[in-house]
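Listing of run25.pdb, PDB, C-alpha atoms
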ATOM      1  CA  MET A 581     145.517 -89.106  84.989
ATOM      2  CA  ARG A 582     143.894 -91.998  83.139
ATOM      3  CA  GLU A 583     145.954 -94.075  80.750
ATOM      4  CA  ASP A 584     144.988 -93.782  77.073
ATOM      5  CA  PRO A 585     144.493 -97.324  75.642
ATOM      6  CA  ALA A 586     145.463 -96.146  72.173
ATOM      7  CA  ALA A 587     148.669 -94.511  73.416
ATOM      8  CA  SER A 588     149.709 -97.699  75.226
ATOM      9  CA  GLY A 589     149.156 -99.817  72.142
ATOM     10  CA  LEU A 590     147.080-102.320  74.140
ATOM     11  CA  SER A 591     143.587-103.385  73.311
ATOM     12  CA  ASP A 592     140.936-103.332  76.001
ATOM     13  CA  GLU A 593     140.925-107.137  75.942
ATOM     14  CA  VAL A 594     144.676-107.345  76.588
ATOM     15  CA  ARG A 595     144.512-104.696  79.287
ATOM     16  CA  LEU A 596     141.734-106.534  81.108
ATOM     17  CA  ARG A 597     143.638-109.807  80.842
ATOM     18  CA  LEU A 598     146.755-108.201  82.332
ATOM     19  CA  TYR A 599     144.750-106.729  85.201
ATOM     20  CA  ASP A 600     143.049-110.073  85.827
ATOM     21  CA  GLN A 601     146.453-111.768  85.993
ATOM     22  CA  ALA A 602     148.347-109.122  87.961
ATOM     23  CA  LEU A 603     145.883-108.274  90.721
ATOM     24  CA  PRO A 604     145.411-111.821  92.112
ATOM     25  CA  ALA A 605     149.194-112.359  91.887
ATOM     26  CA  ALA A 606     149.574-109.306  94.141
ATOM     27  CA  ARG A 607     146.785-110.689  96.352
ATOM     28  CA  ILE A 608     144.586-107.723  95.518
ATOM     29  CA  GLY A 609     140.983-107.803  94.411
ATOM     30  CA  ALA A 610     138.220-105.323  93.659
ATOM     31  CA  TRP A 611     134.704-105.374  95.066
ATOM     32  CA  GLU A 612     131.449-103.461  94.979
ATOM     33  CA  CYS A 613     128.162-103.499  96.854
ATOM     34  CA  GLU A 614     124.935-102.108  95.397
ATOM     35  CA  LEU A 615     123.325-100.398  98.383
ATOM     36  CA  ALA A 616     119.693-100.807  97.301
ATOM     37  CA  THR A 617     119.946-104.607  97.117
ATOM     38  CA  GLU A 618     123.225-105.269  99.034
ATOM     39  CA  ARG A 619     124.311-107.315  96.039
ATOM     40  CA  LEU A 620     128.057-108.030  96.079
ATOM     41  CA  ASN A 621     130.385-108.329  93.108
ATOM     42  CA  TRP A 622     133.963-109.560  93.500
ATOM     43  CA  THR A 623     136.955-110.034  91.226
ATOM     44  CA  PRO A 624     138.896-113.325  91.569
ATOM     45  CA  GLY A 625     141.419-111.740  93.927
ATOM     46  CA  VAL A 626     138.796-111.187  96.629
ATOM     47  CA  TYR A 627     137.579-114.782  96.330
ATOM     48  CA  ALA A 628     141.198-115.869  96.863
ATOM     49  CA  ILE A 629     141.676-113.663  99.940
ATOM     50  CA  PHE A 630     138.562-115.047 101.619
ATOM     51  CA  GLY A 631     139.246-118.589 100.394
ATOM     52  CA  TYR A 632     135.673-118.461  99.172
ATOM     53  CA  PRO A 633     134.493-120.914  96.472
ATOM     54  CA  PRO A 634     133.664-118.872  93.329
ATOM     55  CA  GLY A 635     130.518-120.923  92.737
ATOM     56  CA  ASN A 636     129.007-120.077  96.123
ATOM     57  CA  PRO A 637     126.431-117.276  96.259
ATOM     58  CA  LEU A 638     127.713-113.988  97.687
ATOM     59  CA  ARG A 639     125.483-113.027 100.591
ATOM     60  CA  ARG A 640     126.672-110.011 102.535
ATOM     61  CA  ALA A 641     125.543-111.363 105.928
ATOM     62  CA  ALA A 642     127.605-114.526 105.429
ATOM     63  CA  ILE A 643     130.682-112.560 104.342
ATOM     64  CA  VAL A 644     130.420-110.138 107.278
ATOM     65  CA  ASP A 645     130.493-113.150 109.617
ATOM     66  CA  LEU A 646     133.996-113.955 108.342
ATOM     67  CA  TYR A 647     135.373-110.795 109.966
ATOM     68  CA  VAL A 648     136.784-111.147 113.485
ATOM     69  CA  ASP A 649     134.570-109.325 116.022
ATOM     70  CA  GLU A 650     136.593-106.127 116.474
ATOM     71  CA  SER A 651     137.357-105.881 112.765
ATOM     72  CA  ARG A 652     133.681-106.441 111.960
ATOM     73  CA  ARG A 653     132.686-103.524 114.172
ATOM     74  CA  ASN A 654     135.366-101.274 112.682
ATOM     75  CA  MET A 655     134.393-102.261 109.143
ATOM     76  CA  GLU A 656     130.705-101.555 109.709
ATOM     77  CA  LEU A 657     131.501 -98.160 111.279
ATOM     78  CA  ALA A 658     133.781 -97.259 108.372
ATOM     79  CA  ARG A 659     131.173 -98.400 105.839
ATOM     80  CA  ALA A 660     128.479 -96.282 107.485
ATOM     81  CA  GLU A 661     130.809 -93.251 107.536
ATOM     82  CA  VAL A 662     131.570 -93.567 103.817
ATOM     83  CA  ILE A 663     127.880 -93.873 102.998
ATOM     84  CA  ARG A 664     127.119 -90.846 105.166
ATOM     85  CA  SER A 665     129.936 -88.538 104.135
ATOM     86  CA  GLY A 666     131.063 -89.836 100.775
ATOM     87  CA  ARG A 667     134.699 -89.645 101.914
ATOM     88  CA  PRO A 668     136.827 -92.746 101.226
ATOM     89  CA  VAL A 669     138.234 -94.815 104.094
ATOM     90  CA  THR A 670     141.032 -97.378 104.327
ATOM     91  CA  LEU A 671     141.458 -99.735 107.281
ATOM     92  CA  ASP A 672     143.162-103.016 108.182
ATOM     93  CA  THR A 673     140.882-105.872 109.182
ATOM     94  CA  GLU A 674     141.305-109.408 110.459
ATOM     95  CA  ILE A 675     139.254-112.186 108.897
ATOM     96  CA  ARG A 676     138.728-115.930 109.161
ATOM     97  CA  THR A 677     138.620-117.396 105.684
ATOM     98  CA  TRP A 678     135.914-119.772 104.524
ATOM     99  CA  ARG A 679     138.361-122.580 105.409
ATOM    100  CA  GLY A 680     139.045-121.149 108.880
ATOM    101  CA  GLU A 681     142.466-119.582 108.257
ATOM    102  CA  THR A 682     143.353-116.272 109.916
ATOM    103  CA  ARG A 683     144.297-113.447 107.541
ATOM    104  CA  TRP A 684     144.795-109.707 107.607
ATOM    105  CA  MET A 685     143.295-107.609 104.846
ATOM    106  CA  ARG A 686     143.617-103.948 103.880
ATOM    107  CA  LEU A 687     140.167-102.710 102.909
ATOM    108  CA  SER A 688     139.435 -99.509 101.006
ATOM    109  CA  ILE A 689     135.879 -98.187 100.721
ATOM    110  CA  HIS A 690     134.670 -95.529  98.277
ATOM    111  CA  ALA A 691     131.183 -94.309  97.402
ATOM    112  CA  GLN A 692     129.576 -93.574  94.034
ATOM    113  CA  ARG A 693     126.826 -91.007  94.433
ATOM    114  CA  ASP A 694     124.131 -89.438  92.293
ATOM    115  CA  GLY A 695     122.317 -86.197  93.032
ATOM    116  CA  VAL A 696     120.365 -87.763  95.902
ATOM    117  CA  GLY A 697     122.795 -90.055  97.698
ATOM    118  CA  PRO A 698     125.186 -92.987  97.332
ATOM    119  CA  LEU A 699     124.280 -95.670  94.800
ATOM    120  CA  ARG A 700     127.024 -98.140  95.609
ATOM    121  CA  ILE A 701     130.216 -98.552  97.574
ATOM    122  CA  PHE A 702     133.306-100.140  96.082
ATOM    123  CA  GLY A 703     137.012-100.471  96.579
ATOM    124  CA  ALA A 704     139.902-102.877  96.898
ATOM    125  CA  LYS A 705     140.874-105.666  99.291
ATOM    126  CA  GLN A 706     144.524-106.658  99.679
ATOM    127  CA  ASP A 707     145.963-109.579 101.627
ATOM    128  CA  ILE A 708     148.568-108.083 104.012
ATOM    129  CA  THR A 709     149.017-111.172 106.197
ATOM    130  CA  ALA A 710     152.688-111.579 105.268
ATOM    131  CA  ASP A 711     153.385-107.921 106.077
ATOM    132  CA  ARG A 712     151.685-108.215 109.465
ATOM    133  CA  GLN A 713     153.632-111.378 110.271
ATOM    134  CA  ALA A 714     156.908-109.692 109.306
ATOM    135  CA  ILE A 715     156.118-106.705 111.535
ATOM    136  CA  HIS A 716     155.141-109.029 114.399
ATOM    137  CA  SER A 717     158.392-110.954 113.962
ATOM    138  CA  LEU A 718     160.477-107.762 114.013
ATOM    139  CA  ARG A 719     158.613-106.497 117.087
ATOM    140  CA  ARG A 720     159.128-109.814 118.838
ATOM    141  CA  GLN A 721     162.851-109.721 118.070
ATOM    142  CA  ALA A 722     163.045-106.185 119.454
ATOM    143  CA  GLU A 723     161.112-107.051 122.612
ATOM    144  CA  THR A 724     162.461-110.451 123.610
ATOM    145  CA  ASP A 725     165.719-111.823 124.894
ATOM    146  CA  PRO A 726     167.109-113.888 121.985
ATOM    147  CA  LEU A 727     168.392-116.702 124.205
ATOM    148  CA  THR A 728     165.433-117.331 126.511
ATOM    149  CA  GLY A 729     162.482-115.753 124.694
ATOM    150  CA  LEU A 730     161.543-113.778 127.824
ATOM    151  CA  ALA A 731     160.926-110.043 127.795
ATOM    152  CA  ASN A 732     164.236-108.215 127.489
ATOM    153  CA  ARG A 733     165.320-105.374 129.748
ATOM    154  CA  ALA A 734     163.865-102.635 127.526
ATOM    155  CA  ILE A 735     160.403-104.150 127.172
ATOM    156  CA  PHE A 736     160.362-105.247 130.828
ATOM    157  CA  GLN A 737     160.965-101.665 131.910
ATOM    158  CA  ALA A 738     158.331-100.392 129.451
ATOM    159  CA  ARG A 739     155.747-102.877 130.764
ATOM    160  CA  TYR A 740     156.777-102.041 134.312
ATOM    161  CA  LEU A 741     155.976 -98.397 133.610
ATOM    162  CA  GLU A 742     152.539 -99.453 132.372
ATOM    163  CA  VAL A 743     151.789-101.454 135.510
ATOM    164  CA  VAL A 744     153.543 -99.392 138.165
ATOM    165  CA  ASN A 745     154.022 -95.775 137.115
ATOM    166  CA  ASP A 746     155.424 -92.770 138.917
ATOM    167  CA  SER A 747     151.931 -91.522 139.741
ATOM    168  CA  LEU A 748     151.581 -94.698 141.862
ATOM    169  CA  HIS A 749     148.560 -96.138 140.101
ATOM    170  CA  HIS A 750     149.582 -99.636 141.043
ATOM    171  CA  GLY A 751     146.903-101.726 139.353
ATOM    172  CA  ASP A 752     147.229-105.377 140.323
ATOM    173  CA  ALA A 753     151.012-105.490 140.766
ATOM    174  CA  SER A 754     152.143-106.607 144.218
ATOM    175  CA  ALA A 755     155.940-106.947 144.078
ATOM    176  CA  LEU A 756     159.022-106.347 141.989
ATOM    177  CA  VAL A 757     161.136-109.502 142.181
ATOM    178  CA  LEU A 758     164.799-109.833 141.179
ATOM    179  CA  ILE A 759     166.379-113.287 140.786
ATOM    180  CA  ASP A 760     170.095-114.007 140.501
ATOM    181  CA  LEU A 761     171.558-117.481 139.932
ATOM    182  CA  ASP A 762     174.097-118.669 142.494
ATOM    183  CA  GLY A 763     177.517-119.685 141.209
ATOM    184  CA  PHE A 764     176.712-119.060 137.569
ATOM    185  CA  LYS A 765     180.216-117.841 136.727
ATOM    186  CA  VAL A 766     181.698-121.071 138.084
ATOM    187  CA  LEU A 767     179.340-123.055 135.836
ATOM    188  CA  ASN A 768     180.482-121.096 132.776
ATOM    189  CA  ASP A 769     184.133-121.469 133.733
ATOM    190  CA  THR A 770     183.946-125.230 134.350
ATOM    191  CA  LEU A 771     181.502-126.529 131.721
ATOM    192  CA  GLY A 772     181.532-123.677 129.224
ATOM    193  CA  HIS A 773     179.045-121.163 127.892
ATOM    194  CA  LEU A 774     176.860-123.775 126.167
ATOM    195  CA  ALA A 775     176.127-125.287 129.574
ATOM    196  CA  GLY A 776     175.492-121.793 130.943
ATOM    197  CA  ASP A 777     173.091-121.038 128.105
ATOM    198  CA  ALA A 778     171.252-124.316 128.699
ATOM    199  CA  CYS A 779     170.916-123.411 132.376
ATOM    200  CA  LEU A 780     169.554-119.938 131.567
ATOM    201  CA  CYS A 781     167.014-121.384 129.128
ATOM    202  CA  GLU A 782     165.860-123.971 131.669
ATOM    203  CA  VAL A 783     165.449-121.337 134.386
ATOM    204  CA  ALA A 784     163.480-119.151 131.948
ATOM    205  CA  GLN A 785     161.174-122.061 131.140
ATOM    206  CA  ARG A 786     160.580-122.831 134.811
ATOM    207  CA  LEU A 787     159.800-119.198 135.618
ATOM    208  CA  ARG A 788     157.518-118.883 132.614
ATOM    209  CA  ARG A 789     155.528-121.938 133.699
ATOM    210  CA  ALA A 790     155.439-120.951 137.375
ATOM    211  CA  PHE A 791     154.244-117.394 136.798
ATOM    212  CA  ARG A 792     152.050-117.838 133.735
ATOM    213  CA  GLY A 793     149.185-115.404 134.194
ATOM    214  CA  ALA A 794     150.563-114.189 137.535
ATOM    215  CA  GLY A 795     153.189-111.743 136.351
ATOM    216  CA  LEU A 796     155.588-110.533 133.673
ATOM    217  CA  VAL A 797     158.893-112.418 133.574
ATOM    218  CA  GLY A 798     161.988-110.880 131.985
ATOM    219  CA  ARG A 799     165.704-111.431 131.681
ATOM    220  CA  LEU A 800     167.588-108.269 132.547
ATOM    221  CA  GLY A 801     170.922-109.650 131.369
ATOM    222  CA  GLY A 802     173.502-112.237 132.352
ATOM    223  CA  ASP A 803     172.017-114.518 134.996
ATOM    224  CA  GLU A 804     169.596-111.902 136.375
ATOM    225  CA  PHE A 805     165.850-112.310 135.929
ATOM    226  CA  ALA A 806     162.970-110.087 137.047
ATOM    227  CA  ILE A 807     159.265-110.519 137.681
ATOM    228  CA  ILE A 808     156.434-108.034 138.088
ATOM    229  CA  LEU A 809     154.368-110.149 140.454
ATOM    230  CA  GLN A 810     150.616-109.626 140.221
ATOM    231  CA  ALA A 811     149.474-112.248 142.704
ATOM    232  CA  PRO A 812     149.423-112.981 145.583
ATOM    233  CA  SER A 813     149.153-109.583 147.254
ATOM    234  CA  THR A 814     149.928-110.073 150.963
ATOM    235  CA  PRO A 815     153.547-109.961 152.193
ATOM    236  CA  ALA A 816     153.285-113.358 153.866
ATOM    237  CA  ARG A 817     151.949-115.035 150.722
ATOM    238  CA  ILE A 818     154.516-113.307 148.509
ATOM    239  CA  ALA A 819     157.355-114.563 150.709
ATOM    240  CA  ASP A 820     155.825-118.047 150.683
ATOM    241  CA  VAL A 821     155.503-118.094 146.879
ATOM    242  CA  LEU A 822     159.107-116.971 146.466
ATOM    243  CA  ARG A 823     160.362-119.651 148.845
ATOM    244  CA  HIS A 824     158.555-122.210 146.679
ATOM    245  CA  THR A 825     160.190-120.564 143.659
ATOM    246  CA  THR A 826     163.680-121.183 145.049
ATOM    247  CA  ALA A 827     162.747-124.838 145.593
ATOM    248  CA  MET A 828     161.410-125.100 142.037
ATOM    249  CA  LEU A 829     164.514-123.477 140.567
ATOM    250  CA  GLY A 830     166.737-125.680 142.740
ATOM    251  CA  ARG A 831     165.926-128.878 140.852
ATOM    252  CA  PRO A 832     169.059-130.081 139.024
ATOM    253  CA  LEU A 833     169.450-129.841 135.251
ATOM    254  CA  PHE A 834     170.841-132.816 133.311
ATOM    255  CA  TRP A 835     172.795-131.666 130.263
ATOM    256  CA  ASN A 836     175.163-133.641 128.022
ATOM    257  CA  GLY A 837     175.771-136.243 130.691
ATOM    258  CA  HIS A 838     176.328-133.656 133.425
ATOM    259  CA  ARG A 839     174.193-133.084 136.483
ATOM    260  CA  ILE A 840     174.104-129.303 136.898
ATOM    261  CA  ALA A 841     173.082-127.983 140.306
ATOM    262  CA  ILE A 842     170.945-124.835 140.129
ATOM    263  CA  SER A 843     170.115-122.439 142.910
ATOM    264  CA  ALA A 844     168.933-118.855 142.994
ATOM    265  CA  SER A 845     168.823-115.919 145.373
ATOM    266  CA  ILE A 846     165.664-113.803 145.291
ATOM    267  CA  GLY A 847     165.050-110.249 146.446
ATOM    268  CA  ALA A 848     161.675-108.527 146.287
ATOM    269  CA  ALA A 849     160.235-105.101 147.035
ATOM    270  CA  LEU A 850     156.525-104.757 147.757
ATOM    271  CA  ILE A 851     154.553-102.451 145.471
ATOM    272  CA  GLY A 852     151.234-102.304 147.339
ATOM    273  CA  ARG A 853     149.666 -99.003 148.399
ATOM    274  CA  PRO A 854     151.008 -99.029 151.977
ATOM    275  CA  HIS A 855     154.515 -98.934 150.457
ATOM    276  CA  ARG A 856     154.456 -95.819 148.283
ATOM    277  CA  ARG A 857     157.788 -95.646 146.484
ATOM    278  CA  ARG A 858     158.775 -94.389 143.068
ATOM    279  CA  ILE A 859     160.049 -96.673 140.330
ATOM    280  CA  VAL A 860     163.747 -96.041 140.843
ATOM    281  CA  GLU A 861     163.298 -96.544 144.577
ATOM    282  CA  LEU A 862     161.531 -99.864 144.048
ATOM    283  CA  PHE A 863     164.324-101.147 141.807
ATOM    284  CA  ALA A 864     166.862 -99.996 144.383
ATOM    285  CA  GLU A 865     164.952-101.732 147.172
ATOM    286  CA  ALA A 866     164.565-104.958 145.191
ATOM    287  CA  ASP A 867     168.282-104.856 144.405
ATOM    288  CA  ALA A 868     169.083-104.298 148.092
ATOM    289  CA  ALA A 869     166.824-107.225 149.011
ATOM    290  CA  LEU A 870     168.647-109.391 146.457
ATOM    291  CA  TYR A 871     172.006-108.378 147.942
ATOM    292  CA  GLN A 872     170.802-109.388 151.416
ATOM    293  CA  ALA A 873     169.521-112.725 150.094
ATOM    294  CA  LYS A 874     172.902-113.484 148.484
ATOM    295  CA  ALA A 875     174.755-112.390 151.604
ATOM    296  CA  ALA A 876     172.692-114.882 153.635
ATOM    297  CA  GLY A 877     173.929-117.778 151.492
ATOM    298  CA  ARG A 878     172.685-119.756 148.498
ATOM    299  CA  ASN A 879     169.046-120.393 147.743
ATOM    300  CA  CYS A 880     167.668-117.580 149.925
ATOM    301  CA  VAL A 881     164.768-115.122 149.712
ATOM    302  CA  HIS A 882     164.548-111.622 151.156
ATOM    303  CA  VAL A 883     161.469-109.406 150.846
ATOM    304  CA  ILE A 884     161.554-105.705 151.731
ATOM    305  CA  GLY A 885     158.406-104.001 152.961
ATOM    306  CA  ASP A 886     157.256-103.669 156.559
ATOM    307  CA  GLU A 887     156.422-106.992 158.153
ATOM    308  CA  ALA A 888     157.567-108.915 155.062
ATOM    309  CA  GLU A 889     161.201-108.486 156.160
ATOM    310  CA  SER A 890     160.608-110.680 159.187
ATOM    311  CA  ARG A 891     159.210-113.391 156.933
ATOM    312  CA  ALA A 892     162.230-113.702 154.666
ATOM    313  CA  ALA A 893     163.878-117.115 154.591
TER     314      ALA A 893
END

Turn this file's structure into structure tokens for me.
Amino acid sequence: MREDPAASGLSDEVRLRLYDQALPAARIGAWECELATERLNWTPGVYAIFGYPPGNPLRRAAIVDLYVDESRRNMELARAEVIRSGRPVTLDTEIRTWRGETRWMRLSIHAQRDGVGPLRIFGAKQDITADRQAIHSLRRQAETDPLTGLANRAIFQARYLEVVNDSLHHGDASALVLIDLDGFKVLNDTLGHLAGDACLCEVAQRLRRAFRGAGLVGRLGGDEFAIILQAPSTPARIADVLRHTTAMLGRPLFWNGHRIAISASIGAALIGRPHRRRIVELFAEADAALYQAKAAGRNCVHVIGDEAESRAA
């Protein structure tokens, strides 16, 4: 239902002024494109969203180039669908502003038609960057361990299901690795939980650097970490990499004037096709391998899976 200007007591001039003030404040703007000429018309809010100088000519080709590749394709498909069907479409798009900033924008597209076909398309553009950032922040909080920033147990298990599922489509994953710090309780009892937290954060950083691009690293809780190892793929190389991992983790940490000795026991279960086991079985095997590594003493590795067992150290 359209508002009656007379009933509101506002003149058209006042109403337009209020709209011109309110829409940019809400980071919303209106736009239209005349299809015959591809001439664009924008309200100030759209100029603000794109960071585009109002004095610059509006050329559609130049504006389309400001959309990120995937968003550009989606926008062009949506535009063509509106022109074809006349049905309105709303979609979220990512853009690079005229100054190079990344923003997210909610775009609505409508068509005005005559008896023959569409004359113009028009709609609104709203800056939703803050909303997207808030959602990303909430998702990150839900998916990461608050102390170390690694994947938490829930997201680790979800990603594990993506990589190694019960139908045994293994992808590139080669091993499930469990890591447990040696003597961590003693550290907490002697130097306190702040020292323990510093140790956990340092171990997380070392694992993140060591396995960047080679696997998913998570903290399952306490002093237990886990890795979905993607490379290498042979048992001998996996055992070798994990032995190097114990050496890397074994470097001391210097904290508040204390030299803190770190060591870790590592157990791994091979995921490769010759070792067809379900998810729960793999976790059980990795846990059993970890138990054997800890039973053998500090700073040990044990890998379960055919000939890999003979290569444990």

Here's the selection I'm unsure about, the PyMOL selection byres ((chain A and resi 628) around 12); applied to the file above, which residues does it give, as an mmCIF file with C-alpha atoms, keeping the file's coordinate frame?
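Writing the result to expr_27.cif gives the following:
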data_model
loop_
_atom_site.group_PDB
_atom_site.id
_atom_site.type_symbol
_atom_site.label_atom_id
_atom_site.label_comp_id
_atom_site.auth_asym_id
_atom_site.auth_seq_id
_atom_site.Cartn_x
_atom_site.Cartn_y
_atom_site.Cartn_z
ATOM 1 C CA LEU A 603 145.883 -108.274 90.721
ATOM 2 C CA PRO A 604 145.411 -111.821 92.112
ATOM 3 C CA ALA A 605 149.194 -112.359 91.887
ATOM 4 C CA ALA A 606 149.574 -109.306 94.141
ATOM 5 C CA ARG A 607 146.785 -110.689 96.352
ATOM 6 C CA ILE A 608 144.586 -107.723 95.518
ATOM 7 C CA GLY A 609 140.983 -107.803 94.411
ATOM 8 C CA ALA A 610 138.220 -105.323 93.659
ATOM 9 C CA TRP A 622 133.963 -109.560 93.500
ATOM 10 C CA THR A 623 136.955 -110.034 91.226
ATOM 11 C CA PRO A 624 138.896 -113.325 91.569
ATOM 12 C CA GLY A 625 141.419 -111.740 93.927
ATOM 13 C CA VAL A 626 138.796 -111.187 96.629
ATOM 14 C CA TYR A 627 137.579 -114.782 96.330
ATOM 15 C CA ILE A 629 141.676 -113.663 99.940
ATOM 16 C CA PHE A 630 138.562 -115.047 101.619
ATOM 17 C CA GLY A 631 139.246 -118.589 100.394
ATOM 18 C CA TYR A 632 135.673 -118.461 99.172
ATOM 19 C CA PRO A 633 134.493 -120.914 96.472
ATOM 20 C CA PRO A 634 133.664 -118.872 93.329
ATOM 21 C CA THR A 677 138.620 -117.396 105.684
ATOM 22 C CA TRP A 678 135.914 -119.772 104.524
ATOM 23 C CA ARG A 679 138.361 -122.580 105.409
ATOM 24 C CA ARG A 683 144.297 -113.447 107.541
ATOM 25 C CA MET A 685 143.295 -107.609 104.846
ATOM 26 C CA LYS A 705 140.874 -105.666 99.291
ATOM 27 C CA GLN A 706 144.524 -106.658 99.679
ATOM 28 C CA ASP A 707 145.963 -109.579 101.627
#

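Reported to one decimal place, the separation of atom CA of A:Ala869 from atom CA of A:Gly801 is 18.3 Å.
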
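With only C-alpha atoms taken into account, the protein and nucleic acid residues at most 6 Å from A:Trp611 (excluding it and anything under 2 positions from it in its own chain) are Asn621, Trp622, Phe702 and Gly703 of chain A.
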
Subject >> Picked residues, the PyMOL selection byres ((chain A and resi 802) around 12), expected as a PyMOL selection string >> reply: chain A and resi 725+727-728+732-733+759-761+764-765+768+773+776-777+779-781+798-801+803-806

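Residues matching the PyMOL selection byres ((chain A and resi 616) around 10) in this structure come to Cys613, Glu614, Leu615, Thr617, Glu618, Arg619, Pro698, Leu699 and Arg700 of chain A.
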
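Rounded to one decimal, atom CA of A:Ala738 and atom CA of A:Leu671 lie 27.9 Å from each other.
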
**OP:** Have a look at atom CA of A:Ala755 and atom CA of A:Ala849 and let me know their distance in Å, one decimal.
**Re:** 5.5 Å

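Using only C-alpha atoms, the smallest distance between any of A:His690, A:Arg839, A:Lys874, A:Arg789 and A:Ser665 comes from A:His690.
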
**OP:** Determine the nearest neighbour of A:Val860 from the options A:Val783, A:Val883, A:Ile846, A:Leu756, counting all atoms listed in the file.
**Re:** A:Leu756

Your completed stretch 761-777 of chain A with N, CA and C atoms, as an mmCIF file, in the coordinates of the input:
data_model
loop_
_atom_site.group_PDB
_atom_site.id
_atom_site.type_symbol
_atom_site.label_atom_id
_atom_site.label_comp_id
_atom_site.auth_asym_id
_atom_site.auth_seq_id
_atom_site.Cartn_x
_atom_site.Cartn_y
_atom_site.Cartn_z
ATOM 1 N N LEU A 761 171.119 -116.097 139.760
ATOM 2 C CA LEU A 761 171.558 -117.481 139.932
ATOM 3 C C LEU A 761 172.843 -117.524 140.751
ATOM 4 N N ASP A 762 172.918 -118.510 141.637
ATOM 5 C CA ASP A 762 174.097 -118.669 142.494
ATOM 6 C C ASP A 762 175.177 -119.454 141.751
ATOM 7 N N GLY A 763 176.393 -118.949 141.773
ATOM 8 C CA GLY A 763 177.517 -119.685 141.209
ATOM 9 C C GLY A 763 177.483 -119.834 139.710
ATOM 10 N N PHE A 764 176.844 -118.914 139.021
ATOM 11 C CA PHE A 764 176.712 -119.060 137.569
ATOM 12 C C PHE A 764 178.060 -118.913 136.861
ATOM 13 N N LYS A 765 178.901 -118.033 137.351
ATOM 14 C CA LYS A 765 180.216 -117.841 136.727
ATOM 15 C C LYS A 765 181.050 -119.116 136.806
ATOM 16 N N VAL A 766 180.964 -119.812 137.930
ATOM 17 C CA VAL A 766 181.698 -121.071 138.084
ATOM 18 C C VAL A 766 181.216 -122.094 137.059
ATOM 19 N N LEU A 767 179.895 -122.138 136.829
ATOM 20 C CA LEU A 767 179.340 -123.055 135.836
ATOM 21 C C LEU A 767 179.917 -122.756 134.457
ATOM 22 N N ASN A 768 179.922 -121.472 134.071
ATOM 23 C CA ASN A 768 180.482 -121.096 132.776
ATOM 24 C C ASN A 768 181.959 -121.449 132.674
ATOM 25 N N ASP A 769 182.696 -121.236 133.757
ATOM 26 C CA ASP A 769 184.133 -121.469 133.733
ATOM 27 C C ASP A 769 184.475 -122.957 133.678
ATOM 28 N N THR A 770 183.625 -123.800 134.275
ATOM 29 C CA THR A 770 183.946 -125.230 134.350
ATOM 30 C C THR A 770 183.380 -126.024 133.173
ATOM 31 N N LEU A 771 182.139 -125.756 132.799
ATOM 32 C CA LEU A 771 181.502 -126.529 131.721
ATOM 33 C C LEU A 771 181.349 -125.747 130.423
ATOM 34 N N GLY A 772 181.596 -124.458 130.451
ATOM 35 C CA GLY A 772 181.532 -123.677 129.224
ATOM 36 C C GLY A 772 180.213 -122.933 129.067
ATOM 37 N N HIS A 773 180.212 -122.025 128.072
ATOM 38 C CA HIS A 773 179.045 -121.163 127.892
ATOM 39 C C HIS A 773 177.823 -121.910 127.354
ATOM 40 N N LEU A 774 178.023 -123.008 126.637
ATOM 41 C CA LEU A 774 176.860 -123.775 126.167
ATOM 42 C C LEU A 774 176.081 -124.336 127.349
ATOM 43 N N ALA A 775 176.803 -124.807 128.362
ATOM 44 C CA ALA A 775 176.127 -125.287 129.574
ATOM 45 C C ALA A 775 175.442 -124.128 130.282
ATOM 46 N N GLY A 776 176.108 -122.966 130.331
ATOM 47 C CA GLY A 776 175.492 -121.793 130.943
ATOM 48 C C GLY A 776 174.235 -121.375 130.212
ATOM 49 N N ASP A 777 174.282 -121.391 128.884
ATOM 50 C CA ASP A 777 173.091 -121.038 128.105
ATOM 51 C C ASP A 777 171.956 -122.022 128.354
#
